[in-house]
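Asks: Hey, dropping data-v6.pdb in here, PDB, C-alpha atoms:
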```pdb
ATOM      1  CA  MET L   1       0.000   0.000   0.000
ATOM      2  CA  ASP L   2       1.562   3.272  -1.003
ATOM      3  CA  ASP L   3       1.753   6.336   1.184
ATOM      4  CA  SER L   4      -0.967   8.333  -0.475
ATOM      5  CA  THR L   5      -3.451   5.509   0.041
ATOM      6  CA  ASP L   6      -2.369   5.343   3.676
ATOM      7  CA  ASP L   7      -3.077   9.049   3.960
ATOM      8  CA  VAL L   8      -6.612   8.657   2.707
ATOM      9  CA  LEU L   9      -7.272   5.837   5.117
ATOM     10  CA  ARG L  10      -5.929   7.843   8.033
ATOM     11  CA  ALA L  11      -7.469  11.131   6.980
ATOM     12  CA  PRO L  12     -10.032  12.416   9.452
ATOM     13  CA  VAL L  13     -13.526  11.796   8.204
ATOM     14  CA  ARG L  14     -15.465  14.962   7.556
ATOM     15  CA  LYS L  15     -18.767  14.630   9.348
ATOM     16  CA  ARG L  16     -21.647  17.059   9.456
ATOM     17  CA  ARG L  17     -22.957  17.094  13.002
ATOM     18  CA  GLY L  18     -24.575  20.522  12.976
ATOM     19  CA  PRO L  19     -23.386  23.698  14.664
ATOM     20  CA  PRO L  20     -20.987  23.485  17.630
ATOM     21  CA  SER L  21     -23.857  24.171  20.019
ATOM     22  CA  VAL L  22     -25.326  20.706  19.382
ATOM     23  CA  LEU L  23     -25.168  18.628  22.556
ATOM     24  CA  ASP L  24     -23.101  15.512  22.195
ATOM     25  CA  ALA L  25     -24.073  13.252  25.039
ATOM     26  CA  GLU L  26     -27.245  11.305  24.436
ATOM     27  CA  GLY L  27     -27.866  11.260  28.146
ATOM     28  CA  ALA L  28     -27.895  15.046  28.269
ATOM     29  CA  LEU L  29     -30.304  15.145  25.326
ATOM     30  CA  LEU L  30     -32.616  12.659  26.951
ATOM     31  CA  ALA L  31     -32.608  14.529  30.258
ATOM     32  CA  GLY L  32     -33.305  17.747  28.400
ATOM     33  CA  LEU L  33     -36.187  16.191  26.504
ATOM     34  CA  ARG L  34     -37.725  14.857  29.674
ATOM     35  CA  ALA L  35     -37.427  18.289  31.264
ATOM     36  CA  GLY L  36     -39.172  19.842  28.278
ATOM     37  CA  ASP L  37     -36.003  21.693  27.323
ATOM     38  CA  GLU L  38     -36.537  23.182  23.881
ATOM     39  CA  ASP L  39     -32.810  23.416  23.176
ATOM     40  CA  ALA L  40     -32.460  19.685  23.676
ATOM     41  CA  PHE L  41     -35.267  19.025  21.253
ATOM     42  CA  VAL L  42     -33.785  21.373  18.662
ATOM     43  CA  ALA L  43     -30.406  19.713  19.082
ATOM     44  CA  LEU L  44     -31.995  16.331  18.486
ATOM     45  CA  THR L  45     -33.769  17.508  15.349
ATOM     46  CA  ARG L  46     -30.566  19.026  13.996
ATOM     47  CA  ARG L  47     -28.566  15.890  14.617
ATOM     48  CA  HIS L  48     -31.034  13.386  13.226
ATOM     49  CA  GLY L  49     -33.376  15.289  10.919
ATOM     50  CA  GLY L  50     -31.401  14.649   7.750
ATOM     51  CA  PRO L  51     -30.822  10.934   8.174
ATOM     52  CA  MET L  52     -34.402  10.484   9.378
ATOM     53  CA  LEU L  53     -35.687  12.097   6.233
ATOM     54  CA  ARG L  54     -33.559   9.738   4.145
ATOM     55  CA  VAL L  55     -34.741   6.678   6.011
ATOM     56  CA  ALA L  56     -38.389   7.762   5.746
ATOM     57  CA  ARG L  57     -37.900   8.477   2.052
ATOM     58  CA  ALA L  58     -37.026   4.841   1.468
ATOM     59  CA  TYR L  59     -40.562   3.846   2.509
ATOM     60  CA  VAL L  60     -42.777   6.502   0.914
ATOM     61  CA  SER L  61     -43.123   7.824  -2.592
ATOM     62  CA  SER L  62     -42.465  11.547  -2.129
ATOM     63  CA  HIS L  63     -40.252  13.955  -0.261
ATOM     64  CA  ALA L  64     -43.355  15.639   1.204
ATOM     65  CA  ALA L  65     -44.625  12.311   2.537
ATOM     66  CA  ALA L  66     -41.231  11.662   4.092
ATOM     67  CA  GLU L  67     -41.329  15.058   5.805
ATOM     68  CA  ASP L  68     -44.769  14.187   7.206
ATOM     69  CA  VAL L  69     -43.420  10.927   8.577
ATOM     70  CA  VAL L  70     -40.558  12.761  10.265
ATOM     71  CA  GLN L  71     -42.945  15.314  11.787
ATOM     72  CA  GLU L  72     -45.198  12.530  13.083
ATOM     73  CA  THR L  73     -42.141  10.895  14.567
ATOM     74  CA  TRP L  74     -41.092  14.041  16.454
ATOM     75  CA  LEU L  75     -44.596  14.341  17.883
ATOM     76  CA  ALA L  76     -44.508  10.720  18.979
ATOM     77  CA  VAL L  77     -41.090  11.264  20.542
ATOM     78  CA  LEU L  78     -42.256  14.293  22.513
ATOM     79  CA  ARG L  79     -45.375  12.458  23.674
ATOM     80  CA  GLY L  80     -43.556   9.248  24.472
ATOM     81  CA  VAL L  81     -40.280  10.360  26.046
ATOM     82  CA  ASP L  82     -41.636   9.975  29.580
ATOM     83  CA  ARG L  83     -42.415   6.353  28.861
ATOM     84  CA  PHE L  84     -39.039   5.647  27.241
ATOM     85  CA  ASP L  85     -37.427   3.058  29.479
ATOM     86  CA  GLY L  86     -33.855   3.546  28.292
ATOM     87  CA  ARG L  87     -33.280  -0.124  27.498
ATOM     88  CA  SER L  88     -32.293   0.845  23.986
ATOM     89  CA  SER L  89     -30.368   3.961  23.055
ATOM     90  CA  LEU L  90     -32.296   7.155  22.387
ATOM     91  CA  LYS L  91     -31.216   6.952  18.761
ATOM     92  CA  THR L  92     -32.434   3.386  18.287
ATOM     93  CA  TRP L  93     -35.759   4.217  19.956
ATOM     94  CA  LEU L  94     -36.165   7.285  17.777
ATOM     95  CA  TYR L  95     -35.498   5.449  14.525
ATOM     96  CA  ARG L  96     -37.720   2.506  15.454
ATOM     97  CA  ILE L  97     -40.599   4.943  15.875
ATOM     98  CA  LEU L  98     -39.672   6.481  12.547
ATOM     99  CA  VAL L  99     -39.523   3.147  10.717
ATOM    100  CA  ASN L 100     -42.901   2.121  12.150
ATOM    101  CA  ARG L 101     -44.468   5.399  11.054
ATOM    102  CA  ALA L 102     -42.783   5.158   7.664
ATOM    103  CA  LYS L 103     -43.989   1.598   7.076
ATOM    104  CA  THR L 104     -47.555   2.586   7.936
ATOM    105  CA  ALA L 105     -47.372   5.604   5.657
ATOM    106  CA  GLY L 106     -45.851   3.500   2.903
ATOM    107  CA  GLN L 107     -48.670   0.998   3.107
ATOM    108  CA  ARG L 108     -51.224   3.804   2.904
ATOM    109  CA  ASP L 109     -49.404   5.282  -0.066
ATOM    110  CA  ARG L 110     -50.733   3.294  -3.001
ATOM    111  CA  ARG L 111     -48.014   4.501  -5.326
ATOM    112  CA  CYS L 112     -45.363   2.913  -3.190
ATOM    113  CA  VAL L 113     -44.045  -0.518  -4.083
ATOM    114  CA  PRO L 114     -44.803  -2.632  -1.015
ATOM    115  CA  ASP L 115     -41.765  -3.095   1.164
ATOM    116  CA  PRO L 116     -39.072  -2.501  -1.469
ATOM    117  CA  ARG L 117     -36.374  -2.547   1.148
ATOM    118  CA  PHE L 118     -35.039  -5.736   2.617
ATOM    119  CA  SER L 119     -36.859  -7.800   0.054
ATOM    120  CA  PRO L 120     -36.045 -11.483  -0.323
ATOM    121  CA  GLN L 121     -33.748 -10.544  -3.197
ATOM    122  CA  ASP L 122     -31.682  -8.476  -0.815
ATOM    123  CA  LEU L 123     -31.468 -11.159   1.791
ATOM    124  CA  ALA L 124     -31.303 -14.403  -0.101
ATOM    125  CA  GLY L 125     -29.503 -15.483  -3.226
ATOM    126  CA  SER L 126     -25.858 -15.625  -4.033
ATOM    127  CA  GLU L 127     -25.218 -12.433  -5.960
ATOM    128  CA  PRO L 128     -21.450 -12.077  -5.756
ATOM    129  CA  ALA L 129     -19.734  -8.762  -5.087
ATOM    130  CA  VAL L 130     -17.356  -9.410  -7.990
ATOM    131  CA  GLY L 131     -18.595 -10.980 -11.241
ATOM    132  CA  PRO L 132     -17.493 -14.553 -11.921
ATOM    133  CA  GLU L 133     -16.069 -13.557 -15.296
ATOM    134  CA  ARG L 134     -13.171 -11.953 -13.435
ATOM    135  CA  PHE L 135     -11.951 -15.280 -12.094
ATOM    136  CA  TYR L 136     -10.735 -18.464 -13.670
ATOM    137  CA  ASP L 137     -13.443 -21.062 -13.632
ATOM    138  CA  VAL L 138     -13.458 -23.733 -10.920
ATOM    139  CA  SER L 139     -12.670 -26.308 -13.593
ATOM    140  CA  HIS L 140      -9.415 -24.623 -14.573
ATOM    141  CA  PRO L 141      -6.561 -27.083 -14.034
ATOM    142  CA  GLN L 142      -4.167 -24.594 -12.495
ATOM    143  CA  TRP L 143      -5.795 -21.382 -11.398
ATOM    144  CA  ALA L 144      -9.317 -22.318 -10.404
ATOM    145  CA  GLY L 145     -10.931 -19.401  -8.627
ATOM    146  CA  ARG L 146      -7.957 -17.089  -9.011
ATOM    147  CA  TRP L 147      -8.129 -13.624 -10.504
ATOM    148  CA  LYS L 148      -8.335 -13.579 -14.295
ATOM    149  CA  GLN L 149      -8.987  -9.832 -14.489
ATOM    150  CA  PRO L 150      -7.367  -8.555 -11.282
ATOM    151  CA  PRO L 151      -8.467  -5.277  -9.689
ATOM    152  CA  THR L 152      -7.434  -2.366 -11.906
ATOM    153  CA  PRO L 153      -4.962  -0.372  -9.858
ATOM    154  CA  TRP L 154      -6.202   3.055  -8.903
ATOM    155  CA  GLU L 155      -4.520   5.449  -6.575
ATOM    156  CA  CYS L 156      -6.136   8.363  -4.905
ATOM    157  CA  SER L 157      -3.773  11.156  -4.160
ATOM    158  CA  VAL L 158      -5.195  12.876  -1.126
ATOM    159  CA  GLU L 159      -3.016  15.949  -1.559
ATOM    160  CA  ASP L 160      -4.952  16.668  -4.714
ATOM    161  CA  ARG L 161      -8.282  17.671  -3.227
ATOM    162  CA  LEU L 162      -9.834  18.031  -6.642
ATOM    163  CA  VAL L 163      -9.071  14.414  -7.447
ATOM    164  CA  THR L 164     -10.385  13.150  -4.119
ATOM    165  CA  SER L 165     -13.540  15.214  -4.329
ATOM    166  CA  GLU L 166     -14.198  13.757  -7.780
ATOM    167  CA  ALA L 167     -13.808  10.276  -6.374
ATOM    168  CA  VAL L 168     -16.198  11.139  -3.546
ATOM    169  CA  GLY L 169     -18.628  12.399  -6.191
ATOM    170  CA  VAL L 170     -18.421   9.052  -7.974
ATOM    171  CA  VAL L 171     -19.089   7.283  -4.680
ATOM    172  CA  GLY L 172     -22.124   9.507  -4.045
ATOM    173  CA  ALA L 173     -23.523   8.740  -7.474
ATOM    174  CA  ALA L 174     -22.881   5.022  -7.022
ATOM    175  CA  ILE L 175     -24.717   5.026  -3.684
ATOM    176  CA  ASN L 176     -27.639   6.897  -5.215
ATOM    177  CA  ASP L 177     -27.912   4.149  -7.826
ATOM    178  CA  LEU L 178     -27.917   1.271  -5.339
ATOM    179  CA  PRO L 179     -31.101  -0.712  -4.732
ATOM    180  CA  PRO L 180     -32.966   0.744  -1.713
ATOM    181  CA  ALA L 181     -31.815  -1.708   0.976
ATOM    182  CA  GLN L 182     -28.162  -1.482  -0.033
ATOM    183  CA  ARG L 183     -28.388   2.293  -0.292
ATOM    184  CA  LEU L 184     -29.866   2.520   3.219
ATOM    185  CA  VAL L 185     -27.387   0.177   4.871
ATOM    186  CA  VAL L 186     -24.291   1.597   3.149
ATOM    187  CA  THR L 187     -25.429   5.145   3.977
ATOM    188  CA  LEU L 188     -26.184   4.397   7.611
ATOM    189  CA  ARG L 189     -23.038   2.327   8.193
ATOM    190  CA  ASP L 190     -20.421   4.129   6.131
ATOM    191  CA  VAL L 191     -21.723   7.717   5.950
ATOM    192  CA  GLU L 192     -23.659   8.092   9.183
ATOM    193  CA  CYS L 193     -21.380   5.692  11.077
ATOM    194  CA  TRP L 194     -24.101   3.640  12.691
ATOM    195  CA  THR L 195     -22.925   0.427  14.266
ATOM    196  CA  ALA L 196     -24.023  -2.913  12.826
ATOM    197  CA  GLN L 197     -26.054  -3.482  15.991
ATOM    198  CA  GLU L 198     -27.932  -0.216  15.535
ATOM    199  CA  VAL L 199     -28.865  -1.031  11.942
ATOM    200  CA  CYS L 200     -29.974  -4.542  12.901
ATOM    201  CA  SER L 201     -31.964  -3.243  15.843
ATOM    202  CA  VAL L 202     -33.811  -0.499  14.001
ATOM    203  CA  PHE L 203     -34.661  -2.526  10.902
ATOM    204  CA  GLY L 204     -35.095  -5.945  12.445
ATOM    205  CA  LEU L 205     -32.247  -7.542  10.512
ATOM    206  CA  SER L 206     -30.000 -10.345  11.637
ATOM    207  CA  GLU L 207     -26.301  -9.536  11.686
ATOM    208  CA  THR L 208     -25.761 -11.863   8.751
ATOM    209  CA  ASN L 209     -28.508 -10.218   6.706
ATOM    210  CA  GLN L 210     -27.116  -6.793   7.422
ATOM    211  CA  ARG L 211     -23.624  -7.918   6.380
ATOM    212  CA  VAL L 212     -24.889  -9.413   3.129
ATOM    213  CA  ILE L 213     -26.634  -6.175   2.178
ATOM    214  CA  LEU L 214     -23.601  -4.111   3.178
ATOM    215  CA  HIS L 215     -21.290  -6.446   1.252
ATOM    216  CA  ARG L 216     -23.274  -6.134  -1.964
ATOM    217  CA  GLY L 217     -23.653  -2.390  -1.679
ATOM    218  CA  ARG L 218     -20.001  -1.752  -0.976
ATOM    219  CA  GLY L 219     -19.045  -4.135  -3.794
ATOM    220  CA  LYS L 220     -21.061  -2.125  -6.284
ATOM    221  CA  VAL L 221     -19.550   1.155  -5.120
ATOM    222  CA  ARG L 222     -16.021  -0.208  -5.445
ATOM    223  CA  GLN L 223     -16.907  -1.499  -8.886
ATOM    224  CA  ARG L 224     -18.104   1.920  -9.970
ATOM    225  CA  LEU L 225     -14.902   3.542  -8.756
ATOM    226  CA  GLU L 226     -12.893   0.939 -10.656
ATOM    227  CA  SER L 227     -14.942   1.399 -13.820
ATOM    228  CA  ASP L 228     -14.946   5.176 -13.820
ATOM    229  CA  TYR L 229     -11.324   5.723 -13.077
ATOM    230  CA  ARG L 230      -8.318   3.957 -14.515
ATOM    231  CA  THR L 231      -6.074   5.981 -12.312
ATOM    232  CA  ILE L 232      -7.380   8.749 -10.094
ATOM    233  CA  ASP L 233      -3.892  10.037  -9.714
ATOM    234  CA  ARG L 234      -2.747  13.549 -10.326
ATOM    235  CA  GLY L 235      -2.027  14.035 -13.999
ATOM    236  CA  GLU L 236      -1.700  10.373 -14.848
ATOM    237  CA  ARG L 237      -4.900   9.420 -16.590
ATOM    238  CA  GLU L 238      -4.878   6.626 -19.135
ATOM    239  CA  SER L 239      -8.346   7.448 -20.358
ATOM    240  CA  PRO L 240     -10.236  10.723 -20.775
ATOM    241  CA  ARG L 241     -11.766  11.953 -17.569
ATOM    242  CA  ARG L 242     -15.468  11.375 -17.202
ATOM    243  CA  PRO L 243     -17.568  14.491 -16.483
ATOM    244  CA  VAL L 244     -17.946  15.107 -12.774
ATOM    245  CA  VAL L 245     -21.215  13.672 -11.544
ATOM    246  CA  PRO L 246     -23.637  16.298 -10.178
ATOM    247  CA  ARG L 247     -23.699  16.105  -6.410
ATOM    248  CA  VAL L 248     -27.240  17.033  -5.452
ATOM    249  CA  GLY L 249     -30.015  14.451  -5.722
ATOM    250  CA  ARG L 250     -31.890  14.190  -8.967
ATOM    251  CA  ALA L 251     -35.613  13.923  -9.683
ATOM    252  CA  ASP L 252     -37.574  11.166  -8.026
ATOM    253  CA  HIS L 253     -37.972   7.726  -9.432
TER     254      HIS L 253
ATOM    255  CA  MET S   1      -0.290 -25.926  -5.554
ATOM    256  CA  ARG S   2      -3.454 -25.113  -3.732
ATOM    257  CA  ALA S   3      -4.300 -27.255  -0.747
ATOM    258  CA  PRO S   4      -7.991 -28.190  -0.559
ATOM    259  CA  ASP S   5      -8.330 -26.063   2.544
ATOM    260  CA  ASP S   6      -7.034 -22.858   0.933
ATOM    261  CA  LEU S   7      -9.254 -19.997  -0.135
ATOM    262  CA  SER S   8      -9.446 -19.043  -3.774
ATOM    263  CA  CYS S   9      -9.412 -15.376  -4.749
ATOM    264  CA  GLN S  10     -13.064 -15.669  -5.695
ATOM    265  CA  GLU S  11     -13.908 -17.003  -2.245
ATOM    266  CA  LEU S  12     -11.808 -14.385  -0.496
ATOM    267  CA  VAL S  13     -13.504 -11.410  -2.097
ATOM    268  CA  GLU S  14     -16.858 -12.674  -0.884
ATOM    269  CA  LEU S  15     -15.464 -12.794   2.664
ATOM    270  CA  ILE S  16     -14.127  -9.267   2.531
ATOM    271  CA  THR S  17     -16.995  -7.697   4.490
ATOM    272  CA  ASP S  18     -16.912 -10.418   7.116
ATOM    273  CA  HIS S  19     -13.209  -9.692   7.464
ATOM    274  CA  LEU S  20     -13.725  -5.945   7.825
ATOM    275  CA  GLU S  21     -16.573  -6.509  10.303
ATOM    276  CA  ASP S  22     -14.388  -8.882  12.320
ATOM    277  CA  ALA S  23     -16.962 -11.599  11.792
ATOM    278  CA  LEU S  24     -14.788 -14.364  10.389
ATOM    279  CA  SER S  25     -14.503 -17.627  12.269
ATOM    280  CA  ALA S  26     -11.040 -18.430  13.563
ATOM    281  CA  ASP S  27     -10.546 -20.985  10.780
ATOM    282  CA  ASP S  28     -11.703 -18.619   8.047
ATOM    283  CA  ARG S  29      -9.553 -15.868   9.466
ATOM    284  CA  ALA S  30      -6.492 -18.113   9.268
ATOM    285  CA  ARG S  31      -7.319 -19.102   5.689
ATOM    286  CA  PHE S  32      -8.004 -15.485   4.806
ATOM    287  CA  ASP S  33      -4.686 -14.232   6.202
ATOM    288  CA  ARG S  34      -2.794 -17.082   4.593
ATOM    289  CA  HIS S  35      -4.182 -16.326   1.135
ATOM    290  CA  LEU S  36      -3.709 -12.598   1.510
ATOM    291  CA  ALA S  37      -0.047 -13.039   2.438
ATOM    292  CA  THR S  38       0.720 -14.574  -0.952
ATOM    293  CA  CYS S  39      -1.768 -12.858  -3.285
ATOM    294  CA  ARG S  40      -1.074  -9.277  -4.317
ATOM    295  CA  HIS S  41      -4.292  -9.036  -6.336
ATOM    296  CA  CYS S  42      -6.396  -9.812  -3.295
ATOM    297  CA  ARG S  43      -4.327  -7.386  -1.243
ATOM    298  CA  ALA S  44      -5.088  -4.777  -3.888
ATOM    299  CA  TYR S  45      -8.784  -5.642  -3.685
ATOM    300  CA  LEU S  46      -8.792  -5.264   0.099
ATOM    301  CA  ASP S  47      -7.005  -1.923  -0.189
ATOM    302  CA  GLN S  48      -9.561  -0.775  -2.738
ATOM    303  CA  MET S  49     -12.414  -1.811  -0.485
ATOM    304  CA  ARG S  50     -10.885   0.100   2.447
ATOM    305  CA  LEU S  51     -10.368   3.110   0.216
ATOM    306  CA  THR S  52     -13.956   2.879  -0.998
ATOM    307  CA  ILE S  53     -15.205   2.937   2.580
ATOM    308  CA  ALA S  54     -12.923   5.846   3.472
ATOM    309  CA  LEU S  55     -14.175   7.847   0.498
ATOM    310  CA  THR S  56     -17.778   7.006   1.408
ATOM    311  CA  GLY S  57     -17.120   8.415   4.854
ATOM    312  CA  GLN S  58     -16.296  11.750   3.276
ATOM    313  CA  LEU S  59     -19.749  12.173   1.821
ATOM    314  CA  SER S  60     -21.892  14.832   3.380
ATOM    315  CA  GLU S  61     -25.654  14.728   3.679
ATOM    316  CA  ASP S  62     -26.016  17.178   0.823
ATOM    317  CA  ASP S  63     -24.362  14.687  -1.509
ATOM    318  CA  LEU S  64     -26.979  12.037  -0.976
ATOM    319  CA  LEU S  65     -30.249  11.507  -2.786
ATOM    320  CA  GLY S  66     -33.385  12.277  -0.867
ATOM    321  CA  PHE S  67     -32.295  15.456   0.814
ATOM    322  CA  PRO S  68     -32.418  18.105  -1.894
ATOM    323  CA  ARG S  69     -31.644  21.417  -0.264
ATOM    324  CA  THR S  70     -31.653  23.680  -3.285
ATOM    325  CA  ARG S  71     -34.636  22.252  -5.125
ATOM    326  CA  GLY S  72     -38.297  22.031  -4.238
ATOM    327  CA  GLY S  73     -39.779  18.771  -3.018
ATOM    328  CA  CYS S  74     -40.503  15.878  -5.321
TER     329      CYS S  74
END
```
Please re-express this file's structure in C-alpha cells.
Replies:
Amino acid sequence: MDDSTDDVLRAPVRKRRGPPSVLDAEGALLAGLRAGDEDAFVALTRRHGGPMLRVARAYVSSHAAAEDVVQETWLAVLRGVDRFDGRSSLKTWLYRILVNRAKTAGQRDRRCVPDPRFSPQDLAGSEPAVGPERFYDVSHPQWAGRWKQPPTPWECSVEDRLVTSEAVGVVGAAINDLPPAQRLVVTLRDVECWTAQEVCSVFGLSETNQRVILHRGRGKVRQRLESDYRTIDRGERESPRRPVVPRVGRADH
Amino acid sequence: MRAPDDLSCQELVELITDHLEDALSADDRARFDRHLATCRHCRAYLDQMRLTIALTGQLSEDDLLGFPRTRGGC
C-alpha cells in the first residue's frame, strides 16, 4: 500500500454534526427532553433530521410524505419520552418509531411498491460482489478461482483535493444508484457511522442479513470507482476523464 | 499448488466484508490471512475496499439523494 493511500485511510472523516452548540451526550439530550427543554429538542432535530428524512424516504413515494413521517415521529417522541425506558439507546428508539411510522405511511401510499427494502432478493440469493467472469473457472486445471482480471490499480492522491472530491462524487452517485436496501445500509453504516447493531436493531435484521446487504452495496460502489477511473492520480490518466457527476439528488424515481 | 483447505481469490472477495466486520470464524480468518499473504491481487482488492469505505465516509448529507436542499420537493 503506497503512502498516499495510507493518507486517505488515516485522513479524518469529515462529518456534518450541525453547529458546535449541538449537545453531544445522548444522556444530556434525553434529560433535556424529559425536562421539556426546547434546546435539547432542537439539538436532536438538527442531529437526526437529515438521516431520518432519508430513512423515511425509502418507505414513501415523495419527499413531502417523508417530511410528514418525520414530523409525526417528532410528535410521537415528545409524547412518548416519559415512557421511554432507556433499554435501547435514544437513537435506536427514535429510529424505530420512525420506521414504524414510515412503514404505515408506505402501506397507505398506493403509489409505493410494497416493502421494497429488505426484500427477499436483498437477503437471499448468491449475488457475488465481484462478477465470476473476473476469475478463472473452478474447472481450470491450475488457477481455479484465481483472478483472471485482477483489480485495476487506482490510486487516490489525497493531496490533490480536486481528485479526491471527484472520487467522492463518484461514490455519491454510485450510492444513489444502489437498490434501496443497499443504499440505506451503506449510507447508515459508512456515511452516518451507525454500528451494525444499531442497523440490525432499528430494521429488524440479523447480523448476517445486514452484512450481506452491506457487502453487496459496498461491492457495487467499489466497482463503480474501478470502472470510472483507470487511475485517479494527479495528472496520470490513461483514459479521458469522465464528467464530474452532479452532487445534489436528482428527480424522483 | 493449492491445498484443498485454501481460499481461492473468488472465495476471499466474498469474505471481505466479514473480514472488515471482524466476523470471520477463527478458521476462516487463518485461511483469509494465509491467502492474503501470498496474493497481491487480493491485497489490492482489500485496499480498494478500504479506500472505498474511506471515500464514502467523506460524503456529506447534501451529496446524498433524498435530501435536496436547493430544489423544491418531489
Asks: Atom CA of Leu178 of chain L and atom CA of Gln197 of chain L are how many Å apart?
Replies: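 Going from atom CA of Leu178 of chain L over to atom CA of Gln197 of chain L covers 21.9 Å.
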Asks: Using all atoms listed in the file, tabulate the residues of chain S lying at most 8 Å from any atom of chain L, each with its closest atom pair and that distance in Å to one decimal, by chain and increasing residue number, as a Markdown table.
Replies:
```
| residue | atom | partner | partner_atom | distance |
| --- | --- | --- | --- | --- |
| S:Ser8 | CA | L:Gly145 | CA | 5.1 |
| S:Cys9 | CA | L:Arg146 | CA | 4.8 |
| S:Gln10 | CA | L:Gly145 | CA | 5.2 |
| S:Glu11 | CA | L:Gly145 | CA | 7.4 |
| S:Val13 | CA | L:Val130 | CA | 7.3 |
| S:Glu14 | CA | L:Ala129 | CA | 6.4 |
| S:Ile16 | CA | L:His215 | CA | 7.8 |
| S:Thr17 | CA | L:His215 | CA | 5.5 |
| S:Asp18 | CA | L:Arg211 | CA | 7.2 |
| S:His41 | CA | L:Pro150 | CA | 5.8 |
| S:Ala44 | CA | L:Pro151 | CA | 6.7 |
| S:Tyr45 | CA | L:Pro151 | CA | 6.0 |
| S:Asp47 | CA | L:Met1 | CA | 7.3 |
| S:Gln48 | CA | L:Arg222 | CA | 7.0 |
| S:Met49 | CA | L:Arg222 | CA | 6.3 |
| S:Arg50 | CA | L:Leu9 | CA | 7.3 |
| S:Leu51 | CA | L:Leu9 | CA | 6.4 |
| S:Thr52 | CA | L:Arg222 | CA | 5.8 |
| S:Ile53 | CA | L:Asp190 | CA | 6.4 |
| S:Ala54 | CA | L:Leu9 | CA | 5.9 |
| S:Leu55 | CA | L:Val168 | CA | 5.6 |
| S:Thr56 | CA | L:Val191 | CA | 6.1 |
| S:Gly57 | CA | L:Val191 | CA | 4.8 |
| S:Gln58 | CA | L:Arg14 | CA | 5.4 |
| S:Leu59 | CA | L:Val191 | CA | 6.4 |
| S:Ser60 | CA | L:Arg16 | CA | 6.5 |
| S:Glu61 | CA | L:Gly50 | CA | 7.0 |
| S:Asp62 | CA | L:Val248 | CA | 6.4 |
| S:Asp63 | CA | L:Arg247 | CA | 5.1 |
| S:Leu64 | CA | L:Gly249 | CA | 6.1 |
| S:Leu65 | CA | L:Gly249 | CA | 4.2 |
| S:Gly66 | CA | L:Arg54 | CA | 5.6 |
| S:Phe67 | CA | L:Arg54 | CA | 6.7 |
| S:Pro68 | CA | L:Gly249 | CA | 5.8 |
| S:Gly73 | CA | L:His63 | CA | 5.6 |
| S:Cys74 | CA | L:His63 | CA | 5.4 |
```
Asks: For C-alpha atoms, I'd like the residues from the last selection saved as a CSV table (one decimal), in the frame of the given file.
Replies:
```
chain,number,residue,atom,x,y,z
S,8,SER,CA,-9.4,-19.0,-3.8
S,9,CYS,CA,-9.4,-15.4,-4.7
S,10,GLN,CA,-13.1,-15.7,-5.7
S,11,GLU,CA,-13.9,-17.0,-2.2
S,13,VAL,CA,-13.5,-11.4,-2.1
S,14,GLU,CA,-16.9,-12.7,-0.9
S,16,ILE,CA,-14.1,-9.3,2.5
S,17,THR,CA,-17.0,-7.7,4.5
S,18,ASP,CA,-16.9,-10.4,7.1
S,41,HIS,CA,-4.3,-9.0,-6.3
S,44,ALA,CA,-5.1,-4.8,-3.9
S,45,TYR,CA,-8.8,-5.6,-3.7
S,47,ASP,CA,-7.0,-1.9,-0.2
S,48,GLN,CA,-9.6,-0.8,-2.7
S,49,MET,CA,-12.4,-1.8,-0.5
S,50,ARG,CA,-10.9,0.1,2.4
S,51,LEU,CA,-10.4,3.1,0.2
S,52,THR,CA,-14.0,2.9,-1.0
S,53,ILE,CA,-15.2,2.9,2.6
S,54,ALA,CA,-12.9,5.8,3.5
S,55,LEU,CA,-14.2,7.8,0.5
S,56,THR,CA,-17.8,7.0,1.4
S,57,GLY,CA,-17.1,8.4,4.9
S,58,GLN,CA,-16.3,11.8,3.3
S,59,LEU,CA,-19.7,12.2,1.8
S,60,SER,CA,-21.9,14.8,3.4
S,61,GLU,CA,-25.7,14.7,3.7
S,62,ASP,CA,-26.0,17.2,0.8
S,63,ASP,CA,-24.4,14.7,-1.5
S,64,LEU,CA,-27.0,12.0,-1.0
S,65,LEU,CA,-30.2,11.5,-2.8
S,66,GLY,CA,-33.4,12.3,-0.9
S,67,PHE,CA,-32.3,15.5,0.8
S,68,PRO,CA,-32.4,18.1,-1.9
S,73,GLY,CA,-39.8,18.8,-3.0
S,74,CYS,CA,-40.5,15.9,-5.3
```
Asks: What is the distance between atom CA of Arg108 of chain L and atom CA of Glu72 of chain L, in Å to one decimal?
Replies: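 Atom CA of Glu72 of chain L lies 14.7 Å from atom CA of Arg108 of chain L.
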Asks: Just give me the gap between atom CA of Asn100 of chain L and atom CA of Ala28 of chain L in Å, one decimal is fine.
Replies: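 Value for the atom CA of Asn100 of chain L-atom CA of Ala28 of chain L distance: 25.5 Å.
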Asks: Written as number ranges by chain, which residues does the PyMOL selection byres ((chain S and resi 35) around 8) give for the file shown?
Replies: S: 6-9, 31-34, 36-39
Asks: Using all atoms listed in the file, which residues sit within 9 Å of segment 93-97 of chain L once same-chain residues fewer than 2 positions away are excluded, as a PDB file with C-alpha atoms, in the coordinates of the input?
Replies:
```pdb
ATOM      1  CA  MET L  52     -34.402  10.484   9.378  1.00  0.00           C
ATOM      2  CA  VAL L  55     -34.741   6.678   6.011  1.00  0.00           C
ATOM      3  CA  THR L  73     -42.141  10.895  14.567  1.00  0.00           C
ATOM      4  CA  TRP L  74     -41.092  14.041  16.454  1.00  0.00           C
ATOM      5  CA  ALA L  76     -44.508  10.720  18.979  1.00  0.00           C
ATOM      6  CA  VAL L  77     -41.090  11.264  20.542  1.00  0.00           C
ATOM      7  CA  PHE L  84     -39.039   5.647  27.241  1.00  0.00           C
ATOM      8  CA  GLY L  86     -33.855   3.546  28.292  1.00  0.00           C
ATOM      9  CA  SER L  88     -32.293   0.845  23.986  1.00  0.00           C
ATOM     10  CA  SER L  89     -30.368   3.961  23.055  1.00  0.00           C
ATOM     11  CA  LEU L  90     -32.296   7.155  22.387  1.00  0.00           C
ATOM     12  CA  LYS L  91     -31.216   6.952  18.761  1.00  0.00           C
ATOM     13  CA  VAL L  99     -39.523   3.147  10.717  1.00  0.00           C
ATOM     14  CA  ASN L 100     -42.901   2.121  12.150  1.00  0.00           C
ATOM     15  CA  ARG L 101     -44.468   5.399  11.054  1.00  0.00           C
ATOM     16  CA  ALA L 102     -42.783   5.158   7.664  1.00  0.00           C
ATOM     17  CA  SER L 201     -31.964  -3.243  15.843  1.00  0.00           C
ATOM     18  CA  VAL L 202     -33.811  -0.499  14.001  1.00  0.00           C
ATOM     19  CA  PHE L 203     -34.661  -2.526  10.902  1.00  0.00           C
TER      20      PHE L 203
END
```
